[in-house]
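Pasting run-v2.cif here (mmCIF, C-alpha atoms):
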data_data
loop_
_atom_site.label_atom_id
_atom_site.label_comp_id
_atom_site.auth_asym_id
_atom_site.auth_seq_id
_atom_site.Cartn_x
_atom_site.Cartn_y
_atom_site.Cartn_z
CA MET A 64 -41.16 -96.99 88.69
CA ASP A 65 -37.52 -97.93 89.34
CA ALA A 66 -36.43 -100.18 86.50
CA PHE A 67 -34.32 -102.16 88.95
CA ASP A 68 -36.93 -102.66 91.62
CA LEU A 69 -36.65 -106.41 92.02
CA SER A 70 -38.63 -106.78 95.23
CA HIS A 71 -41.57 -109.08 94.68
CA GLY A 72 -43.58 -111.04 97.13
CA GLY A 73 -41.44 -110.05 100.13
CA GLU A 74 -38.23 -111.56 98.73
CA ASP A 75 -34.88 -109.93 99.56
CA PRO A 76 -34.20 -107.59 96.57
CA MET A 77 -30.47 -108.35 96.52
CA GLU A 78 -31.09 -112.09 96.52
CA ALA A 79 -33.59 -111.66 93.67
CA LEU A 80 -31.00 -109.65 91.75
CA ARG A 81 -28.32 -112.29 92.26
CA ARG A 82 -30.71 -115.01 91.06
CA LEU A 83 -31.55 -112.98 87.96
CA LEU A 84 -27.86 -112.47 87.20
CA ARG A 85 -27.21 -116.21 87.60
CA ASP A 86 -30.11 -116.99 85.24
CA LEU A 87 -28.63 -114.70 82.62
CA GLY A 88 -25.05 -115.86 83.10
CA LEU A 89 -23.89 -112.46 84.38
CA PRO A 90 -21.50 -111.58 87.25
CA GLU A 91 -23.26 -111.68 90.62
CA ASP A 92 -20.88 -109.31 92.42
CA MET A 93 -21.57 -106.12 90.44
CA ASP A 94 -22.01 -102.97 92.53
CA VAL A 95 -25.58 -102.01 91.71
CA ASN A 96 -25.26 -98.86 93.81
CA ASP A 97 -22.98 -97.39 91.13
CA ALA A 98 -24.89 -95.70 88.28
CA GLU A 99 -22.31 -96.63 85.64
CA ALA A 100 -22.29 -100.24 86.81
CA ARG A 101 -26.07 -100.38 86.64
CA THR A 102 -26.00 -99.06 83.07
CA ASP A 103 -23.49 -101.74 82.09
CA LEU A 104 -25.59 -104.34 83.84
CA PHE A 105 -28.73 -103.28 81.98
CA ARG A 106 -26.88 -103.38 78.66
CA MET A 107 -25.64 -106.93 79.32
CA MET A 108 -29.08 -108.05 80.42
CA MET A 109 -30.65 -106.78 77.22
CA GLN A 110 -27.97 -108.47 75.14
CA ARG A 111 -28.83 -111.77 76.84
CA LEU A 112 -32.57 -111.32 76.46
CA MET A 113 -32.44 -109.97 72.88
CA PRO A 114 -29.25 -111.29 71.27
CA SER A 115 -28.24 -109.71 67.97
CA ASP A 116 -25.82 -112.39 66.73
CA GLY A 117 -24.20 -109.63 64.69
CA MET A 118 -27.28 -109.25 62.47
CA SER A 119 -28.61 -105.92 61.24
CA ASP A 120 -32.22 -104.99 61.95
CA GLU A 121 -33.07 -105.65 58.30
CA THR A 122 -31.58 -109.14 58.54
CA VAL A 123 -33.49 -109.77 61.76
CA VAL A 124 -36.77 -108.90 60.03
CA TRP A 125 -36.35 -111.25 57.09
CA GLU A 126 -34.77 -114.10 58.99
CA THR A 127 -37.72 -113.92 61.37
CA VAL A 128 -40.09 -113.86 58.38
CA ARG A 129 -38.48 -116.97 56.91
CA GLN A 130 -38.45 -118.88 60.20
CA MET A 131 -42.03 -118.00 61.15
CA ALA A 132 -43.39 -118.88 57.69
CA ARG A 133 -41.50 -122.18 57.50
CA GLN A 134 -42.55 -123.15 61.02
CA LEU A 135 -46.20 -122.44 60.25
CA VAL A 136 -46.34 -124.58 57.10
CA ALA A 137 -44.39 -127.35 58.83
CA SER A 138 -46.97 -127.43 61.63
CA LEU A 139 -49.81 -128.09 59.16
CA GLY A 140 -48.72 -131.54 58.04
CA PRO A 141 -46.80 -133.11 55.16
CA ASP A 142 -45.36 -130.74 52.57
CA PRO A 143 -43.64 -133.00 50.05
CA SER A 144 -41.59 -131.92 47.06
CA ALA A 145 -42.89 -133.09 43.71
CA ASN A 146 -42.15 -136.55 42.35
CA SER A 147 -41.52 -137.23 38.66
CA ARG A 148 -45.15 -138.16 37.93
CA VAL A 149 -46.54 -134.91 39.34
CA SER A 150 -43.84 -132.88 37.58
CA ARG A 151 -44.78 -134.52 34.28
CA GLN A 152 -48.49 -133.77 34.79
CA VAL A 153 -47.78 -130.11 35.55
CA THR A 154 -45.44 -129.72 32.56
CA ASP A 155 -48.07 -131.16 30.21
CA ALA A 156 -50.82 -128.96 31.66
CA VAL A 157 -48.71 -125.80 31.31
CA HIS A 158 -47.79 -126.66 27.71
CA LEU A 159 -51.45 -127.22 26.83
CA ALA A 160 -52.45 -123.95 28.54
CA GLU A 161 -49.86 -122.09 26.46
CA LEU A 162 -51.37 -123.41 23.24
CA TRP A 163 -54.95 -122.66 24.24
CA LEU A 164 -54.27 -119.13 25.47
CA SER A 165 -52.96 -118.01 22.11
CA GLU A 166 -56.58 -118.13 20.92
CA ALA A 167 -57.76 -115.71 23.64
CA THR A 168 -55.11 -112.96 23.80
CA VAL A 169 -52.79 -111.11 21.47
CA LEU A 170 -50.11 -110.98 24.14
CA PRO A 171 -47.41 -113.25 22.72
CA PRO A 172 -46.24 -116.41 24.48
CA SER A 173 -42.83 -116.39 26.14
CA PRO A 174 -40.63 -119.38 26.89
CA MET A 175 -41.83 -120.54 30.30
CA THR A 176 -40.62 -123.21 32.66
CA ALA A 177 -43.13 -125.33 34.57
CA VAL A 178 -42.15 -125.50 38.24
CA VAL A 179 -43.69 -127.63 40.98
CA TRP A 180 -43.32 -126.17 44.47
CA SER A 181 -43.96 -127.39 47.95
CA ARG A 182 -45.27 -124.72 50.30
CA ALA A 183 -41.81 -124.21 51.79
CA GLU A 184 -40.26 -123.94 48.33
CA TRP A 185 -42.81 -121.30 47.32
CA ILE A 186 -41.90 -119.31 50.44
CA GLU A 187 -38.20 -119.36 49.57
CA ALA A 188 -38.82 -118.52 45.90
CA SER A 189 -41.17 -115.60 46.61
CA LEU A 190 -39.30 -114.09 49.57
CA PRO A 191 -37.14 -111.66 47.49
CA ALA A 192 -40.24 -110.18 45.85
CA TRP A 193 -42.03 -109.76 49.18
CA LYS A 194 -38.93 -108.06 50.50
CA SER A 195 -38.84 -105.55 47.65
CA MET A 196 -42.53 -104.68 48.09
CA ILE A 197 -42.95 -104.71 51.86
CA GLU A 198 -39.52 -103.61 53.08
CA PRO A 199 -40.08 -99.90 52.26
CA VAL A 200 -43.22 -99.92 54.41
CA ILE A 201 -41.59 -101.84 57.26
CA GLY A 202 -38.48 -99.65 57.16
CA THR A 203 -40.39 -96.38 57.20
CA LEU A 204 -42.85 -97.48 59.87
CA ALA A 205 -40.20 -99.10 62.10
CA SER A 206 -37.98 -96.01 61.90
CA ALA A 207 -40.90 -93.72 62.72
CA ILE A 208 -41.96 -95.85 65.69
CA SER A 209 -38.39 -96.03 67.02
CA GLN A 210 -37.89 -92.28 66.71
CA ALA A 211 -41.23 -91.55 68.35
CA ALA A 212 -40.37 -93.78 71.30
CA GLN A 213 -36.90 -92.25 71.60
CA HIS A 214 -38.35 -88.74 71.63
CA ARG A 215 -40.84 -89.76 74.31
CA LEU A 216 -38.05 -91.20 76.46
CA ALA A 217 -35.99 -88.03 75.94
CA ASP A 218 -38.96 -85.87 76.97
CA GLN A 219 -39.42 -87.89 80.14
CA THR A 220 -35.75 -87.49 81.16
CA GLU A 221 -35.28 -83.91 79.95
CA GLY A 222 -33.39 -81.79 82.44
CA GLU A 223 -32.12 -84.74 84.42
CA ALA A 224 -28.36 -84.75 84.95
CA ASP A 225 -28.30 -88.34 86.11
CA GLY A 226 -25.75 -90.13 83.95
CA GLU A 227 -27.66 -93.37 84.44
CA MET A 228 -30.67 -92.03 82.55
CA VAL A 229 -28.49 -90.69 79.76
CA GLY A 230 -26.85 -94.09 79.46
CA LEU A 231 -30.24 -95.79 79.53
CA GLN A 232 -31.37 -93.77 76.50
CA SER A 233 -28.33 -94.85 74.48
CA ILE A 234 -28.98 -98.49 75.40
CA MET A 235 -32.69 -98.41 74.64
CA HIS A 236 -32.32 -97.25 71.03
CA PRO A 237 -30.79 -100.48 69.60
CA ILE A 238 -32.95 -102.60 71.89
CA LEU A 239 -36.12 -100.86 70.75
CA SER A 240 -35.03 -101.03 67.13
CA ARG A 241 -34.41 -104.77 67.44
CA ALA A 242 -37.76 -105.36 69.14
CA ILE A 243 -39.61 -103.50 66.39
CA SER A 244 -37.76 -105.48 63.71
CA ALA A 245 -38.67 -108.77 65.39
CA MET A 246 -42.29 -107.62 65.74
CA PHE A 247 -42.69 -106.89 62.04
CA GLY A 248 -40.79 -110.02 61.06
CA ALA A 249 -43.09 -112.22 63.13
CA HIS A 250 -46.21 -110.60 61.70
CA VAL A 251 -45.12 -110.78 58.05
CA GLY A 252 -43.81 -114.32 58.55
CA GLU A 253 -47.16 -115.50 59.87
CA GLY A 254 -48.93 -113.90 56.92
CA LEU A 255 -46.49 -115.44 54.43
CA GLY A 256 -46.98 -118.87 55.98
CA GLN A 257 -50.76 -118.53 55.70
CA ALA A 258 -50.46 -117.40 52.09
CA ALA A 259 -48.29 -120.45 51.30
CA THR A 260 -51.07 -122.76 52.49
CA THR A 261 -53.79 -121.18 50.34
CA THR A 262 -52.17 -120.12 47.05
CA MET A 263 -52.71 -122.54 44.18
CA THR A 264 -50.02 -121.21 41.85
CA GLY A 265 -46.94 -119.02 41.93
CA THR A 266 -48.68 -115.68 41.34
CA ASP A 267 -52.17 -116.67 42.47
CA LEU A 268 -52.12 -113.65 44.79
CA GLY A 269 -52.18 -111.37 41.74
CA LEU A 270 -48.71 -109.99 42.43
CA PRO A 271 -45.57 -110.30 40.25
CA LEU A 272 -43.55 -112.39 42.68
CA PHE A 273 -41.06 -114.02 40.32
CA PRO A 274 -38.61 -112.34 37.96
CA THR A 275 -38.20 -115.33 35.66
CA ALA A 276 -40.80 -116.88 33.36
CA SER A 277 -41.80 -119.66 35.73
CA VAL A 278 -45.27 -121.16 35.86
CA GLY A 279 -45.41 -122.53 39.38
CA ILE A 280 -47.98 -124.98 40.74
CA LEU A 281 -48.45 -126.09 44.37
CA PRO A 282 -49.91 -129.64 44.19
CA THR A 283 -50.41 -129.91 47.97
CA ASN A 284 -52.82 -126.97 47.96
CA LEU A 285 -54.52 -128.13 44.76
CA ALA A 286 -55.11 -131.55 46.32
CA ALA A 287 -56.65 -129.97 49.42
CA ILE A 288 -59.22 -127.93 47.52
CA GLN A 289 -59.86 -130.75 45.02
CA GLN A 290 -60.82 -133.13 47.84
CA GLN A 291 -62.81 -130.52 49.72
CA ALA A 292 -64.89 -129.46 46.68
CA GLU A 293 -64.82 -132.88 44.94
CA LEU A 294 -63.50 -131.38 41.71
CA ASP A 295 -62.06 -133.20 38.73
CA GLU A 296 -58.31 -133.34 39.35
CA GLU A 297 -57.26 -132.86 35.72
CA GLU A 298 -59.66 -129.96 35.08
CA LEU A 299 -58.54 -128.21 38.26
CA LEU A 300 -54.89 -128.48 37.23
CA LEU A 301 -55.61 -127.25 33.69
CA TYR A 302 -57.74 -124.35 34.91
CA CYS A 303 -55.10 -123.20 37.41
CA SER A 304 -52.41 -123.57 34.74
CA LEU A 305 -54.46 -121.40 32.37
CA ARG A 306 -54.74 -118.66 34.97
CA GLU A 307 -51.07 -118.79 35.88
CA VAL A 308 -49.86 -118.75 32.26
CA ALA A 309 -52.21 -115.84 31.48
CA ARG A 310 -50.97 -113.86 34.48
CA GLN A 311 -47.34 -114.53 33.66
CA ARG A 312 -47.85 -113.46 30.03
CA LEU A 313 -49.31 -110.20 31.27
CA PHE A 314 -46.49 -109.52 33.72
CA LEU A 315 -43.79 -110.39 31.18
CA GLU A 316 -45.27 -108.53 28.21
CA VAL A 317 -46.52 -105.44 30.08
CA GLY A 318 -43.27 -104.42 31.71
CA TRP A 319 -44.64 -101.44 33.63
CA ILE A 320 -46.99 -103.40 35.94
CA ALA A 321 -44.42 -104.69 38.46
CA PRO A 322 -42.51 -101.37 38.76
CA GLN A 323 -45.81 -99.54 39.14
CA ILE A 324 -46.90 -101.74 42.04
CA ILE A 325 -43.57 -101.29 43.83
CA ALA A 326 -43.57 -97.52 43.16
CA LEU A 327 -47.06 -97.12 44.62
CA VAL A 328 -46.12 -99.07 47.75
CA GLN A 329 -42.94 -97.00 48.19
CA HIS A 330 -44.92 -93.77 47.70
CA PHE A 331 -47.34 -94.94 50.37
CA ALA A 332 -44.41 -95.68 52.72
CA ARG A 333 -42.98 -92.18 52.31
CA GLU A 334 -46.26 -90.71 53.55
CA ILE A 335 -46.40 -92.73 56.79
CA ARG A 336 -46.80 -90.60 59.92
CA VAL A 337 -46.71 -91.91 63.49
CA ASP A 338 -48.35 -90.53 66.63
CA PRO A 339 -45.68 -90.63 69.40
CA ASP A 340 -48.29 -90.62 72.17
CA ALA A 341 -49.97 -93.74 70.78
CA ILE A 342 -46.64 -95.57 70.65
CA ALA A 343 -45.71 -94.52 74.18
CA THR A 344 -49.07 -95.68 75.53
CA ALA A 345 -48.71 -99.07 73.86
CA MET A 346 -45.20 -99.53 75.25
CA GLU A 347 -46.18 -98.46 78.75
CA ASP A 348 -49.02 -100.97 78.77
CA ALA A 349 -46.59 -103.77 77.91
CA LEU A 350 -43.83 -102.84 80.38
CA PRO A 351 -43.48 -105.25 83.34
CA ASP A 352 -44.05 -104.09 86.93
CA HIS A 353 -40.89 -105.83 88.14
CA LEU A 354 -37.73 -106.99 86.42
CA SER A 355 -36.99 -110.69 86.03
CA ALA A 356 -36.01 -113.04 83.25
CA GLU A 357 -39.63 -114.18 83.01
CA SER A 358 -41.13 -110.69 83.01
CA MET A 359 -38.69 -109.43 80.37
CA ALA A 360 -39.47 -112.42 78.14
CA ALA A 361 -43.18 -111.69 78.62
CA PHE A 362 -42.58 -108.05 77.71
CA GLN A 363 -40.88 -109.09 74.49
CA THR A 364 -43.86 -111.32 73.63
CA ASP A 365 -46.43 -108.65 74.47
CA PHE A 366 -44.58 -105.96 72.56
CA SER A 367 -44.31 -108.18 69.48
CA THR A 368 -48.12 -108.31 69.33
CA ILE A 369 -48.43 -104.52 69.14
CA LEU A 370 -48.98 -103.64 65.50
CA PHE A 371 -49.37 -99.93 65.28
CA MET A 372 -51.55 -98.71 62.44
CA PRO A 373 -50.99 -95.01 61.70
CA ASP A 374 -53.86 -92.96 60.39
CA GLN A 375 -53.93 -92.73 56.61
CA SER A 376 -53.73 -89.37 54.88
CA ASP A 377 -55.92 -88.44 51.92
CA GLU A 378 -52.92 -88.94 49.63
CA GLN A 379 -52.32 -92.44 51.03
CA ARG A 380 -55.95 -93.39 50.52
CA GLU A 381 -55.69 -92.24 46.90
CA ILE A 382 -52.54 -94.34 46.45
CA LEU A 383 -54.26 -97.41 47.88
CA GLU A 384 -57.26 -96.91 45.60
CA ARG A 385 -54.98 -96.83 42.56
CA LEU A 386 -53.04 -99.87 43.75
CA SER A 387 -56.20 -101.83 44.55
CA THR A 388 -57.62 -100.95 41.12
CA LEU A 389 -54.47 -102.08 39.34
CA LEU A 390 -54.44 -105.45 41.13
CA ALA A 391 -58.16 -105.89 40.45
CA LEU A 392 -57.64 -105.11 36.75
CA VAL A 393 -54.92 -107.77 36.56
CA GLU A 394 -57.20 -110.39 38.11
CA GLY A 395 -60.21 -109.27 36.07
CA TRP A 396 -58.24 -109.59 32.83
CA VAL A 397 -57.05 -113.06 33.86
CA ASP A 398 -60.68 -114.00 34.61
CA ASP A 399 -61.85 -112.89 31.16
CA VAL A 400 -59.03 -114.57 29.23
CA THR A 401 -59.31 -117.80 31.19
CA ALA A 402 -63.09 -117.96 30.87
CA SER A 403 -62.84 -117.52 27.09
CA VAL A 404 -60.63 -120.61 26.85
CA ALA A 405 -62.11 -122.75 29.62
CA SER A 406 -65.68 -122.38 28.37
CA GLN A 407 -64.59 -124.03 25.11
CA ARG A 408 -62.18 -126.62 26.49
CA LEU A 409 -63.19 -127.67 30.02
CA PRO A 410 -66.76 -128.96 30.53
CA GLY A 411 -66.64 -128.54 34.33
CA TRP A 412 -64.85 -125.19 34.38
CA GLU A 413 -67.70 -123.29 36.03
CA ALA A 414 -67.65 -125.55 39.09
CA VAL A 415 -63.87 -125.20 39.31
CA SER A 416 -64.05 -121.42 38.89
CA GLU A 417 -66.75 -121.05 41.54
CA SER A 418 -64.83 -123.20 44.04
CA LEU A 419 -61.66 -121.17 43.54
CA ARG A 420 -63.62 -117.92 43.80
CA ARG A 421 -65.08 -118.97 47.16
CA HIS A 422 -61.65 -120.11 48.27
CA ARG A 423 -60.09 -116.72 47.46
CA ALA A 424 -62.95 -114.86 49.13
CA THR A 425 -62.61 -116.79 52.39
CA SER A 426 -58.83 -117.18 52.62
CA ARG A 427 -57.79 -113.87 51.01
CA PRO A 428 -54.05 -114.58 51.40
CA ALA A 429 -52.87 -111.35 49.78
CA GLN A 430 -54.86 -109.34 52.31
CA THR A 431 -53.34 -111.41 55.13
CA MET A 432 -49.88 -110.35 53.94
CA VAL A 433 -50.41 -106.74 52.93
CA THR A 434 -53.55 -105.27 54.49
CA PRO A 435 -52.24 -105.00 58.08
CA LEU A 436 -49.22 -103.07 56.82
CA ILE A 437 -50.64 -100.72 54.17
CA GLY A 438 -54.40 -101.25 54.28
CA LEU A 439 -54.56 -102.75 50.79
CA SER A 440 -57.72 -104.67 50.03
CA ALA A 441 -58.67 -105.65 46.47
CA THR A 442 -62.08 -106.96 47.46
CA PRO A 443 -63.92 -109.72 45.58
CA ARG A 444 -66.50 -107.13 44.55
CA VAL A 445 -63.89 -104.92 42.86
CA ILE A 446 -62.38 -107.96 41.12
CA ARG A 447 -65.83 -108.97 39.82
CA GLU A 448 -66.36 -105.43 38.52
CA ALA A 449 -62.98 -105.62 36.77
CA SER A 450 -63.96 -108.94 35.16
CA VAL A 451 -67.19 -107.39 33.87
CA PHE A 452 -65.23 -104.38 32.61
CA TRP A 453 -62.78 -106.48 30.54
CA ALA A 454 -65.61 -108.60 29.11
CA ALA A 455 -67.44 -105.43 28.04
CA VAL A 456 -64.31 -104.03 26.38
CA ARG A 457 -63.71 -107.32 24.56
CA GLU A 458 -67.28 -107.42 23.24
CA ALA A 459 -67.07 -103.80 22.07
CA ARG A 460 -63.52 -103.66 20.71
CA GLY A 461 -62.46 -107.26 20.31
CA ILE A 462 -59.47 -109.06 21.81
CA ASP A 463 -57.01 -106.66 20.19
CA GLY A 464 -58.78 -103.60 21.59
CA ARG A 465 -59.01 -105.11 25.05
CA ASP A 466 -55.35 -106.04 25.27
CA ALA A 467 -54.23 -102.74 23.73
CA LEU A 468 -55.30 -100.93 26.89
CA TRP A 469 -52.30 -102.43 28.68
CA LYS A 470 -49.91 -100.75 26.26
CA TYR A 471 -49.49 -97.53 28.25
CA PRO A 472 -50.27 -96.84 31.93
CA ASP A 473 -52.04 -93.62 30.92
CA SER A 474 -54.56 -95.55 28.80
CA MET A 475 -55.68 -97.73 31.70
CA PRO A 476 -59.14 -97.22 33.21
CA GLN A 477 -59.46 -95.25 36.43
CA PRO A 478 -61.30 -96.62 39.51
CA GLN A 479 -64.55 -94.96 38.44
CA ASP A 480 -64.24 -96.47 34.96
CA VAL A 481 -64.09 -100.03 36.29
CA ALA A 482 -67.54 -99.62 37.81
CA ASP A 483 -68.89 -97.94 34.64
CA PRO A 484 -67.59 -99.77 31.54
CA GLU A 485 -70.34 -98.29 29.34
CA GLY A 486 -69.24 -94.77 30.20
CA PHE A 487 -65.61 -95.67 29.52
CA LEU A 488 -66.45 -97.20 26.14
CA ALA A 489 -68.62 -94.21 25.18
CA ARG A 490 -65.66 -91.86 25.36
CA PRO A 491 -63.76 -91.36 22.11
CA THR A 492 -60.48 -93.22 21.90
CA SER A 493 -57.36 -91.10 21.60
CA GLN A 494 -55.92 -90.96 18.11
CA GLU A 495 -52.27 -91.83 17.69
CA ASP A 496 -49.92 -89.15 16.44
CA PRO A 497 -49.10 -89.82 12.74
CA TRP A 498 -45.47 -89.22 13.63
CA ASP A 499 -45.65 -92.38 15.78
CA ASP A 500 -46.66 -94.43 12.75
CA GLU A 501 -43.89 -92.81 10.68
CA LEU A 502 -41.29 -93.53 13.33
CA ARG A 503 -42.37 -97.19 13.62
CA ARG A 504 -42.08 -97.64 9.86
CA PHE A 505 -38.65 -96.01 9.86
CA LEU A 506 -37.35 -98.18 12.70
CA SER A 507 -38.71 -101.34 11.06
CA GLY A 508 -36.93 -100.53 7.79
CA GLY A 509 -40.07 -99.54 5.90
CA GLU A 510 -40.37 -96.51 3.68
CA GLY A 511 -42.10 -93.39 4.82
CA GLU A 512 -42.23 -89.70 4.18
CA ALA A 513 -40.10 -87.62 6.48
#
Show this structure as structure tokens.
Amino acid sequence: MDAFDLSHGGEDPMEALRRLLRDLGLPEDMDVNDAEARTDLFRMMMQRLMPSDGMSDETVVWETVRQMARQLVASLGPDPSANSRVSRQVTDAVHLAELWLSEATVLPPSPMTAVVWSRAEWIEASLPAWKSMIEPVIGTLASAISQAAQHRLADQTEGEADGEMVGLQSIMHPILSRAISAMFGAHVGEGLGQAATTTMTGTDLGLPLFPTASVGILPTNLAAIQQQAELDEEELLLYCSLREVARQRLFLEVGWIAPQIIALVQHFAREIRVDPDAIATAMEDALPDHLSAESMAAFQTDFSTILFMPDQSDEQREILERLSTLLALVEGWVDDVTASVASQRLPGWEAVSESLRRHRATSRPAQTMVTPLIGLSATPRVIREASVFWAAVREARGIDGRDALWKYPDSMPQPQDVADPEGFLARPTSQEDPWDDELRRFLSGGEGEA
């Protein structure tokens, strides 16, 4: 197919070309019989249809993410910032949760700030963390897709001396790169917007999204589920505050969790492989039969819906299993700690817990964000198994023994252990090296034998 075949419906091709140039604000008197002129024309057309505004591909991705997410939450109705009354209620609930949790975990409290977010404010606050986790995957996958498409185009034009085709290849690389960036940005932005409408608290997704000790609450989302399930407003706020404070204590005290999550995602990204034939087929299906402003805009829309999912290697599946287990263990530990407190303090906690459990199972916002990119899925079943695991460890070893497992990554249970807590508990615990005790006494100023 000639890329500049503008004949359609019997119309004079030259008149169609002149109309297209007028629509795009380009010169109408270009000599399209000259190969170099046609290459320049194509370049200018692409710049009109896919303007860069001087932005890098990385900037395009995350600006698109921000715009798509903000537009989605804005389309769903009012999203007010907190007033002084709501801020006061949240601050009191967080303070009370801090006091109560000290009875259920040995992880020490840290100075935390209660924050009240609208959905849009949560998007802005969490965007840097999403970028650090997802960008390695997007970057690796986008680069692989772009290279695969470039190689396919080179194969198709191999041996051709036509300078027009050589010029076309040089033009297509930035255009393709920009299209892929916009595609990923739109997809992640939609997922982020959906997550912002379903998350109750700052880290309700189970991920360490905030570097500072902030306990964030989203009253708009709490109000929606409170009305839907007819829950007690105060108990719902206290229960969600308990969960958020517990999760933040874990992330702040166990410093290896956040780096481990990011490292696993980056390891997964390094193993991504792309099938060039699959990419070429997808692109060919989206290409228009004739060139016009409307058909090129339609091509951009169609191409943005193509989300290529490369096959996962055995190593990638192992990485995802470890990552899914780690996220499930975080949520299972939060379940156990929160239940220990809520069962003593909140009479209606079971109804609140069940409503939130159903909400997470149906909305699954973390899976909306991450699954389409890396296949991650910490299912409700795995989270329930993790909750049972932590409860079994607490009953057998007490609160101290349960929380001590977080001390070192190597002491954490493996995926098979989560489903078999009895087998895990039956194994002998590793004995600490006496030199470790001696070193601790020395560093603390105590006396000890060298």
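The closest residue to A:Leu392, picked from A:Val404, A:Leu281, A:Ala414, A:Leu270 and counting only C-alpha atoms, is A:Leu270.
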Give me the result of the PyMOL selection byres ((chain A and resi 454) around 12) on this file, residue by residue, as number ranges by chain.
-> A: 167, 392, 395-403, 447-453, 455-462, 464-466, 481, 484-485, 488
Applying 10 Å and all atoms listed in the file, which residues near A:Gly318 remain after dropping the ones on its own chain fewer than 3 positions away? List them as a compact mmCIF listing (two decimals) with C-alpha atoms, in the coordinates of the input.
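The resulting file, out_32.txt, is reproduced below:
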# COMPACT_ATOMS: atom_id res chain seq x y z
CA LEU A 313 -49.31 -110.20 31.27
CA PHE A 314 -46.49 -109.52 33.72
CA LEU A 315 -43.79 -110.39 31.18
CA ALA A 321 -44.42 -104.69 38.46
CA PRO A 322 -42.51 -101.37 38.76
CA GLN A 323 -45.81 -99.54 39.14
CA TRP A 469 -52.30 -102.43 28.68
CA LYS A 470 -49.91 -100.75 26.26
CA TYR A 471 -49.49 -97.53 28.25
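Nearest to A:Met246 of all the residues A:Thr127, A:Thr262, A:Gln375, A:Ser418 is A:Thr127, counting all atoms listed in the file.
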Name all residues at most 12 Å from A:Leu190 (count only C-alpha atoms; drop same-chain ones fewer than 5 positions away) and give them as number ranges by chain.
-> A: 124-130, 132-133, 183-185, 195-198, 251-252, 255-256, 258-259, 265, 271-274
Would you translate the PyMOL selection byres ((chain A and resi 410) around 12) into the concrete set of residues it matches in this file, as a PyMOL selection string?
-> chain A and resi 294-295+297-299+301-302+402+404-409+411-416
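You will find atom CA of A:His158 at 28.2 Å from atom CA of A:Pro141.
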Considering all atoms listed in the file, return as a ChimeraX atom specification whatever protein or nucleic-acid residues lie within 12 Å of A:Arg490, sequence-local ones (same chain, fewer than 6 positions apart) excluded.
-> /A:476,480,483-484
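Considering all atoms listed in the file, the residue among A:Arg182, A:Arg385, A:Arg310, A:His250 positioned nearest to A:Glu161 is A:Arg310.
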